[in-house]
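Colleague: One structure, pasted below without further comment.
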Amino acid sequence: MKSSQPKKEKTREILNSFTSEESSLIPMLQACQKHFGYLPRVVMEEISSYLDMPLSNVYGVTTFYAQFRLEPLGDHLVKVCHGTACHVRGADKINELLENELGIKSGETTPDGTFTLERVACLGCCSLAPVIMVDETAHGNLDRDKVKAVVEKYRGDDK
Amino acid sequence: MNTKVLIGYASCGIAAGAGEVDRALRSRIAKRSLDIEITKVGCVGMCHNEPIIEIHDPNGVYVYGDVEVSDVDEIVESHLVEGVPVEEKLISSPEESYDYFDVQEKIVLRNSGVIDPEDIGDYIDSGGYEALKKVLTEMSPQEVIDEIKNSNLRGRGGAGFPTGLKWQFAANAPGDEKYIICNADEGDPGAFMDRSILEGDPHAVLEGMIIGAYAIGASDSYIYCRAEYPLALKRLDIGIEQAKEKGFLGENILGTDFSFDIHIKEGAGAFVCGEETALMHSIEGERGMPRPRPPFPAQKGLFGKPTNINNVETWANIPWIIRNGAEEYASIGTERSGGTKVFALAGKIKRGGLVEVPIGTPLREIIYNVGGGIDEDLEFKAVQLGGPSGGCLPAEYLDTPVDYETLTEAGAIMGSGGMIVMDECDCMVNVARYFLDFTQKESCGKCTFCRVGTKRMLEILDKFTHGSGTLEDIESIKNLASNIKAYSLCGLGQTAPNPVLTTLRYFEHEYYDHLQEQTCSAGVCRELITFTITDACVGCTRCASECPTEAITGERGEQHVIDQEYCIKCGACHDVCPVNAVEVD
C-alpha cells in the first residue's frame, strides 16, 4: 500500500490557512476535495485532529452533503441533470443511454478510469433541457445521437 | 452614438455556446480593425434564443438569436461593416420588436443583460449605489424599515413573509452584534432565478444587503451560495472587491460611522439548507439540519446572534424601492403584495427563459404571451409551480393570478419561482413520484414522518407506476400526507406531500387509470405500455441498431418487429425512428 504520508502533509498545509473553528469545517473539506478530487480517510483524520473534533463528526458532515465524495473520480465527470425540466424532457432516457454507452451504473467510474457518471438534481440550464455537464462544460438540447457524440469526443481526448 | 455589441454571458448562454461565439466575434472584429466595444452581459431572459448578440447602433437595438460561430462573420461584415442587418438571424429590431417582453416588467432584472456585471462602473452609471447614498445621508434606520414595509415587498424565497416586518423584528432584537444572510442556496430543481440575478447584476444584491444592514444594525453578513454556481460565485467575489475599493463596503462606508462586511460561504449541496435554521447550522460548520422555532433567527440566529435572512431576489428589489419610493413599488402588483416576481419558465414551452412580471399576472399570460405556448403545439396539461414544495395546476387554473394567496388556495405555492409547463405526454403520477423521490432523498432525517413517511409514500407511488396499486393505497397516501405535513419541523417535510396532493386533486383519474385500467395514457410508465412498429416502417434498420436488447428484427426495406419478450420499453426505437412508425400504447 502506498504511504499516506504525502497526503497527510499536503492536508496539513491546506488546513494551516484556516482558523481552527468549527465553522471552518465545510470550507476545509471543500478545499481538500478541490485538491485531492475526493476525501480520503487520512484527510478526514487530519481535519479531525486539527479541529479537535471526533472523526465521526467530520464523517457525519462529509456524508451529509452531496458535494463531498469518498472515492476518487474518473478523468471526466459526467453529470446528468435530473431537474424538473430535464425530467419531463427525458433525463431518465439520457441517463440510461449513458449507462449503456459507458457500461457503468450512475455513481460508478469506468474500469479504465476515464469517466465517472453521476445523477445531479439541477444544473440550472432548464431552457436547454435535457442537459448533461461533462467536467465544466454543459451540453444541452440532447438527443441520443448528440449524447453518443459527446461521449466519443471525450473518449477521443484521452487517446 | 458609437456602435456597441453585447453578448449574453450567463451560464445558460455559455452552455449554449456563447464562449465560442464571443471568441469568433472578437477575432473577426480585430481582423477588420473595427473600433467596437464588446461587453459580456448577464442573462437577458431569452434562454431559448441563446447564444444572443445585441448590436446597439445609431438606428437602435438589434438582437440576434441562436447565433452560431458560422454566423458571426456574416453579422460582422454585413451589419457592423456595411450597416445592413442580417434579417434571418434577427429576433428583434427597431422596426419589429420581440413580443417576449411585452407583458414583462423589469425591476429585479433591470440591469441583467444590459450592464457588464463584472464592472462596478457600469452599475454606478445606471444609478447603482444611489440608494445606499440616500439611506446613509437622508434616512434613519427606522425610516428605511418603514419604507420597505410600505412597499408591500414580501419574501421571494417562497414563503412570502413581509420583508419590512422581518427587518423590524431583527432591528428590535436586543444585541450589539447582528448578522444578515443572503440565501442563495437555490436548490429547487427547475429554478434558476437567483443564479441569473447573481450572474447578471451582483451589485444589486450587495447594495440591497448593505442597506438592510444599515436598517437592522448589522455589521457582518454571509451570502450562502450553491457551489454549483461557479460563475455567480466569481462575480460576487469581484463585486465585493470592487464595492470595497469604492468605499461602499468595509469600514466607515461613504465616510459615515457605519461599517459592514460581506463574506461568501459555498453551500455543499443539500436542499434542506434553503431552510433558515438549517442554513445557519451549515454556516456554523454542522450538518444542515433545522431546529424548532422559536427562538426565531431574529432573536437567536447565526452564532446565537439576532439574524435576518432574505433571499437573493428579495435583496435585489431593495435598491429600486429606495430610489423609486415605496409607493411606486406598491402600485405594481396586487394590494397585498407589491412589485414583480421572477419566474424560471421551462418545460414543454416554446420560449423558455427568465421572466419578470407584476405579481398578480395570470398564468395564461406568462405561459402563452411570454412563453409562446406549448412546444410542438401539443395540448397543455399542467403547470408545476414551486418545485418539490409546490403543486401541479391544470388548465382550469390558467386564469389564476400568480400571487401568494391564490396559488396557496389552489394547492400550489408561489415558491421561489420555478414554473415548469407539462403537456399531454407527461404522466402526472410519474411527476408526483419524481418529486417524492427528490424530497425523500433530500430529507435530512431529523423528523420521523419526513424521513420514513416520504419513503413509504414513494414506495406506494412506485406501485402505481408499476400498475400494482390498490384503492387502499390512495387512502394510505392521503393519511401519510396529512401526517407528514403535521409532524415535520421544517418546510421541506411540511410541503413534501404537495406534489402528490395536487396531482390527486386535479388528476385523480390518472391514478385510477394506473390502478384499475393498468394504463398510462401519457405513455410514460414502462410497466404499463407497449411499443409496436406500424406499417409506416420503411425498414431503415435504425431502431434495430439502437435497441440495447436486440429485441427488434427485420430485413432492410421491410417492416420491423419488436419481440415483446425482450423489449425493456426504453423507448430508444421511438426516439430515433425517422418516420414515427413506433407507437406507444
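Note on naming: chains are A, B, ... as they come in the C-alpha cells, residues start from 1 per chain, ligands start from 1 in the order shown.
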Counting only C-alpha atoms, which residues of chain B come no farther than 7 Å from chain A, as number ranges by chain?

Modeller: B: 12, 15-16, 47-48, 189-192, 268-270, 283-287, 346-347, 352-353, 420, 426, 570

Colleague: Leaving out Leu233 of chain B and any residue of its chain fewer than 3 positions from it, which residues lie within 10 Å of it when counting only C-alpha atoms, given as a ChimeraX atom specification?

Modeller: /B:195,198-199,202,223-230,236-239,264-266

Colleague: Compile the contact shell of Asp75 of chain A as an MDAnalysis selection string: residues with an atom at most 8 Å away, counting only C-alpha atoms, same-chain residues fewer than 3 positions apart removed.

Modeller: chainID A and resid 113:116

Colleague: Measure the distance from atom CA of Asp35 of chain B to atom CA of Ile53 of chain B in Å and round it to one decimal.

Modeller: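 So the two atoms, atom CA of Asp35 of chain B and atom CA of Ile53 of chain B, lie 17.1 Å apart.
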
Colleague: For Phe258 of chain B, which of B:Pro141, B:Gly557, B:Gly274, B:Pro292 is the closest residue, counting only C-alpha atoms?

Modeller: B:Pro141

Colleague: Just list the residues in chain A DSSP gives strand (DSSP E or B) on the backbone, as JSON, numbers by chain.

Modeller: {"A": [76, 77, 78, 79, 80, 81, 109, 115, 116, 117, 118, 119, 120, 132, 133, 134, 137, 138, 139]}

Colleague: Between B:Glu207, B:Asp71, B:Asp185, B:Asp585, which one has atoms that come closest to Arg526 of chain B, using only C-alpha atoms?

Modeller: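 Using only C-alpha atoms, the shortest distance to Arg526 of chain B belongs to B:Asp585.
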
Colleague: Taking the backbone alone, and naming residues the way the document does, which bits of segment 294-377 of chain B are alpha helix (DSSP H) by DSSP, as a list in words?

Modeller: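 Taking segment 294-377 of chain B and keeping alpha helix (DSSP H) gives Val312, Glu313, Thr314, Trp315, Ala316, Asn317, Ile318, Pro319, Trp320, Ile321, Ile322, Arg323, Asn324, Ala326, Glu327, Glu328, Tyr329, Ala330, Leu363 and Arg364 of chain B.
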
Colleague: Any idea what's packed within 9 Å of Ala10 of chain B, counting only C-alpha atoms, ignoring anything in its chain fewer than 5 positions away? Could you give it as a ChimeraX atom specification?

Modeller: /B:15,18,40-44,113,195-196,199-200,231-232

Colleague: Keeping only all heavy atoms, write the selected residues to a file as a short mmCIF file (atom, residue, chain, number, x, y, z; two decimals), in the first residue's frame.

Modeller:
```cif
data_model
loop_
_atom_site.label_atom_id
_atom_site.label_comp_id
_atom_site.auth_asym_id
_atom_site.auth_seq_id
_atom_site.Cartn_x
_atom_site.Cartn_y
_atom_site.Cartn_z
N ALA B 15 -23.53 27.76 -21.83
CA ALA B 15 -23.87 26.36 -22.12
C ALA B 15 -24.31 26.21 -23.57
O ALA B 15 -24.09 25.17 -24.20
CB ALA B 15 -24.96 25.87 -21.19
N ALA B 18 -21.93 30.46 -26.06
CA ALA B 18 -21.55 31.88 -26.12
C ALA B 18 -20.04 32.08 -26.12
O ALA B 18 -19.53 33.03 -26.70
CB ALA B 18 -22.18 32.66 -24.97
N LYS B 40 -19.53 41.68 -22.25
CA LYS B 40 -20.19 40.45 -21.82
C LYS B 40 -21.22 40.81 -20.76
O LYS B 40 -20.87 41.40 -19.74
CB LYS B 40 -19.17 39.48 -21.22
CG LYS B 40 -18.22 38.87 -22.22
CD LYS B 40 -17.25 37.97 -21.47
CE LYS B 40 -16.24 37.37 -22.42
NZ LYS B 40 -15.19 36.63 -21.68
N VAL B 41 -22.47 40.49 -21.01
CA VAL B 41 -23.52 40.86 -20.05
C VAL B 41 -24.17 39.59 -19.48
O VAL B 41 -23.94 38.49 -19.96
CB VAL B 41 -24.59 41.76 -20.71
CG1 VAL B 41 -23.98 43.08 -21.14
CG2 VAL B 41 -25.24 41.06 -21.89
N GLY B 42 -25.03 39.80 -18.48
CA GLY B 42 -25.72 38.67 -17.85
C GLY B 42 -26.89 38.20 -18.69
O GLY B 42 -27.01 38.54 -19.87
N CYS B 43 -27.78 37.47 -18.05
CA CYS B 43 -28.89 36.85 -18.77
C CYS B 43 -29.97 37.88 -19.09
O CYS B 43 -30.47 38.56 -18.22
CB CYS B 43 -29.48 35.75 -17.89
SG CYS B 43 -30.89 34.92 -18.62
N VAL B 44 -30.33 37.97 -20.35
CA VAL B 44 -31.36 38.92 -20.74
C VAL B 44 -32.74 38.26 -20.64
O VAL B 44 -33.77 38.90 -20.74
CB VAL B 44 -31.06 39.48 -22.14
CG1 VAL B 44 -31.32 38.46 -23.22
CG2 VAL B 44 -31.81 40.77 -22.39
N GLY B 113 -28.33 41.54 -18.37
CA GLY B 113 -28.30 41.52 -19.83
C GLY B 113 -28.07 42.90 -20.42
O GLY B 113 -28.05 43.07 -21.63
N ARG B 195 -29.61 32.39 -9.56
CA ARG B 195 -28.35 32.27 -10.29
C ARG B 195 -28.24 33.39 -11.33
O ARG B 195 -27.22 34.07 -11.44
CB ARG B 195 -28.27 30.92 -11.00
CG ARG B 195 -26.95 30.71 -11.72
CD ARG B 195 -27.07 29.58 -12.71
NE ARG B 195 -28.21 29.83 -13.56
CZ ARG B 195 -28.24 29.83 -14.88
NH1 ARG B 195 -27.27 29.55 -15.51
NH2 ARG B 195 -29.29 30.12 -15.57
N SER B 196 -29.34 33.62 -12.07
CA SER B 196 -29.28 34.62 -13.14
C SER B 196 -29.13 36.03 -12.57
O SER B 196 -28.44 36.86 -13.16
CB SER B 196 -30.55 34.55 -13.98
OG SER B 196 -30.68 33.27 -14.52
N GLU B 199 -25.53 36.36 -11.46
CA GLU B 199 -24.62 36.43 -12.61
C GLU B 199 -24.81 37.72 -13.41
O GLU B 199 -23.87 38.20 -14.02
CB GLU B 199 -24.88 35.24 -13.56
CG GLU B 199 -24.39 33.91 -13.01
CD GLU B 199 -24.70 32.74 -13.93
OE1 GLU B 199 -25.37 32.94 -14.97
OE2 GLU B 199 -24.28 31.64 -13.61
N GLY B 200 -26.03 38.25 -13.40
CA GLY B 200 -26.32 39.40 -14.26
C GLY B 200 -26.19 40.74 -13.57
O GLY B 200 -25.91 41.75 -14.22
N LEU B 231 -19.99 30.60 -11.66
CA LEU B 231 -19.93 31.93 -12.26
C LEU B 231 -20.54 32.98 -11.33
O LEU B 231 -20.02 34.10 -11.20
CB LEU B 231 -20.67 31.92 -13.61
CG LEU B 231 -20.55 33.16 -14.46
CD1 LEU B 231 -19.10 33.44 -14.83
CD2 LEU B 231 -21.38 33.03 -15.73
N ALA B 232 -21.63 32.61 -10.65
CA ALA B 232 -22.24 33.53 -9.69
C ALA B 232 -21.26 33.82 -8.56
O ALA B 232 -21.10 34.98 -8.15
CB ALA B 232 -23.53 32.92 -9.14
#
```

Colleague: Can you pull out every residue within 8 Å of Ile52 of chain B, counting only C-alpha atoms, but drop anything in the same chain fewer than 5 positions away, and send it as a list in words?

Modeller: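 My list of contacting residues is Ile7, Gly8, Gly13, Ala18, Val63, Tyr64, Gly65, Asp66 and Val67 of chain B.
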
Colleague: Could you work out how far atom CA of Met414 of chain B lies from atom CA of Arg154 of chain B, giving the answer in Å with one decimal?

Modeller: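 Between atom CA of Arg154 of chain B and atom CA of Met414 of chain B the gap is 11.3 Å.
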
Colleague: What lies within 8 Å of Gly158 of chain B using only C-alpha atoms, ignoring chain neighbours under 2 positions off, as a list in words?

Modeller: Gly155, Arg156, Gly160, Gly386, Ile413, Met414, Gly415, Ser416 and Gly417 of chain B

Colleague: What does the file look like for those residues with N, CA, C and O atoms, as a short mmCIF file (atom, residue, chain, number, x, y, z; two decimals), in the first residue's frame?

Modeller:
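Writing done, so here's out.cif:
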```cif
data_model
loop_
_atom_site.label_atom_id
_atom_site.label_comp_id
_atom_site.auth_asym_id
_atom_site.auth_seq_id
_atom_site.Cartn_x
_atom_site.Cartn_y
_atom_site.Cartn_z
N GLY B 155 -41.18 38.24 1.03
CA GLY B 155 -40.03 37.37 0.78
C GLY B 155 -40.17 36.55 -0.48
O GLY B 155 -41.16 35.84 -0.66
N ARG B 156 -39.18 36.65 -1.36
CA ARG B 156 -39.27 35.99 -2.65
C ARG B 156 -38.73 34.56 -2.63
O ARG B 156 -38.66 33.90 -3.65
N GLY B 160 -43.16 34.09 1.41
CA GLY B 160 -43.88 35.34 1.24
C GLY B 160 -44.09 36.14 2.51
O GLY B 160 -45.05 36.91 2.62
N GLY B 386 -43.37 26.08 -7.89
CA GLY B 386 -42.82 25.92 -6.54
C GLY B 386 -42.02 24.66 -6.32
O GLY B 386 -41.70 24.34 -5.18
N ILE B 413 -47.86 26.62 -4.66
CA ILE B 413 -47.33 27.76 -3.93
C ILE B 413 -46.60 28.66 -4.92
O ILE B 413 -46.23 28.23 -6.01
N MET B 414 -46.43 29.90 -4.53
CA MET B 414 -45.64 30.80 -5.36
C MET B 414 -44.22 30.24 -5.45
O MET B 414 -43.61 30.22 -6.49
N GLY B 415 -43.73 29.81 -4.30
CA GLY B 415 -42.39 29.24 -4.28
C GLY B 415 -41.35 30.24 -4.69
O GLY B 415 -41.60 31.45 -4.73
N SER B 416 -40.19 29.74 -5.02
CA SER B 416 -39.13 30.68 -5.37
C SER B 416 -39.25 31.10 -6.82
O SER B 416 -38.66 32.08 -7.23
N GLY B 417 -40.01 30.40 -7.63
CA GLY B 417 -40.24 30.88 -8.99
C GLY B 417 -40.03 29.88 -10.12
O GLY B 417 -40.05 30.27 -11.28
#
```
